[in-house]
Amino acid sequence: MLPDGQVLPARSIAKFVAGDRGADGFERRIAALGASPRPAGSDRRAWLRTALEQIGARRQRHPRTHRYALPVGRTRAERSRAVFGMPALPYPKWADARPRT
């Protein structure tokens, strides 16, 4: 998790380390948060490790996978009687740092 509350996806990290398409944008994003620029030709993995420490990023386990369900039924009456096995929760806006009880 980045200091501004954004999540850093594992796929973005993998693309950067491999030098795939989009790696430059990822590097600019990390540098904009305060990391020192990567020297040309340096090891990407080593720079990323140092850069994440510099900006104060931290590892955080994601609390759970979000699940969505669409109402079933042909009419409004049928849909209103449908029973779901999970409680209705608000739409997730970002990963919550607090454990849910």
# chains A, B, ... in the order shown; residues from 1 in each chain; ligands from 1
>>> residues_around(residues="range 27-35 of chain A", least_positions_apart="4", cutoff="9 Å", atoms="only C-alpha atoms", output="ChimeraX atom specification")
/A:2-4,16,22-23,48,50-55
>>> write_last_selection(atoms="N, CA, C and O atoms", output="mmCIF file, in the first residue's frame")
data_model
loop_
_atom_site.group_PDB
_atom_site.id
_atom_site.type_symbol
_atom_site.label_atom_id
_atom_site.label_comp_id
_atom_site.auth_asym_id
_atom_site.auth_seq_id
_atom_site.Cartn_x
_atom_site.Cartn_y
_atom_site.Cartn_z
ATOM 1 N N LEU A 2 0.534 2.174 -0.827
ATOM 2 C CA LEU A 2 1.325 3.401 -0.943
ATOM 3 C C LEU A 2 0.905 4.403 0.132
ATOM 4 O O LEU A 2 -0.181 4.304 0.697
ATOM 5 N N PRO A 3 1.740 5.389 0.420
ATOM 6 C CA PRO A 3 1.428 6.349 1.480
ATOM 7 C C PRO A 3 0.140 7.130 1.253
ATOM 8 O O PRO A 3 -0.495 7.577 2.196
ATOM 9 N N ASP A 4 -0.271 7.302 -0.008
ATOM 10 C CA ASP A 4 -1.502 8.050 -0.275
ATOM 11 C C ASP A 4 -2.745 7.159 -0.233
ATOM 12 O O ASP A 4 -3.837 7.595 -0.564
ATOM 13 N N PHE A 16 7.002 -3.950 -14.181
ATOM 14 C CA PHE A 16 8.146 -3.060 -14.027
ATOM 15 C C PHE A 16 9.444 -3.849 -13.971
ATOM 16 O O PHE A 16 10.414 -3.524 -14.652
ATOM 17 N N GLY A 22 4.386 -0.298 -20.033
ATOM 18 C CA GLY A 22 3.808 0.350 -18.865
ATOM 19 C C GLY A 22 4.787 0.519 -17.720
ATOM 20 O O GLY A 22 4.468 1.131 -16.713
ATOM 21 N N ALA A 23 5.989 -0.031 -17.851
ATOM 22 C CA ALA A 23 6.975 0.058 -16.772
ATOM 23 C C ALA A 23 7.419 1.500 -16.528
ATOM 24 O O ALA A 23 7.661 1.896 -15.387
ATOM 25 N N LEU A 48 13.560 -0.808 -7.046
ATOM 26 C CA LEU A 48 12.189 -0.835 -6.544
ATOM 27 C C LEU A 48 12.161 -1.075 -5.044
ATOM 28 O O LEU A 48 11.425 -0.408 -4.315
ATOM 29 N N THR A 50 14.422 -0.299 -2.830
ATOM 30 C CA THR A 50 14.873 0.936 -2.177
ATOM 31 C C THR A 50 13.817 2.031 -2.294
ATOM 32 O O THR A 50 13.536 2.743 -1.324
ATOM 33 N N ALA A 51 13.224 2.165 -3.476
ATOM 34 C CA ALA A 51 12.233 3.213 -3.712
ATOM 35 C C ALA A 51 11.010 3.035 -2.820
ATOM 36 O O ALA A 51 10.486 4.011 -2.267
ATOM 37 N N LEU A 52 10.554 1.804 -2.665
ATOM 38 C CA LEU A 52 9.382 1.567 -1.817
ATOM 39 C C LEU A 52 9.678 1.886 -0.363
ATOM 40 O O LEU A 52 8.805 2.380 0.359
ATOM 41 N N GLU A 53 10.907 1.633 0.080
ATOM 42 C CA GLU A 53 11.295 2.029 1.441
ATOM 43 C C GLU A 53 11.325 3.545 1.570
ATOM 44 O O GLU A 53 10.884 4.100 2.581
ATOM 45 N N GLN A 54 11.834 4.236 0.550
ATOM 46 C CA GLN A 54 11.942 5.697 0.585
ATOM 47 C C GLN A 54 10.582 6.363 0.687
ATOM 48 O O GLN A 54 10.430 7.370 1.386
ATOM 49 N N ILE A 55 9.602 5.848 -0.007
ATOM 50 C CA ILE A 55 8.288 6.510 0.000
ATOM 51 C C ILE A 55 7.392 6.034 1.137
ATOM 52 O O ILE A 55 6.310 6.562 1.343
#
>>> select_by_dssp(residues="range 10-71 of chain A", states="alpha helix (DSSP H)", output="PyMOL selection string")
chain A and resi 10-18+23-32+44-55
>>> atom_distance(atom1="CA of Pro90 in chain A", atom2="CA of Arg61 in chain A")
20.2 Å
>>> closest_residue(among="A:Gln6, A:Thr75, A:Ser42, A:Ser12", to="Gly25 in chain A", atoms="only C-alpha atoms")
A:Ser12
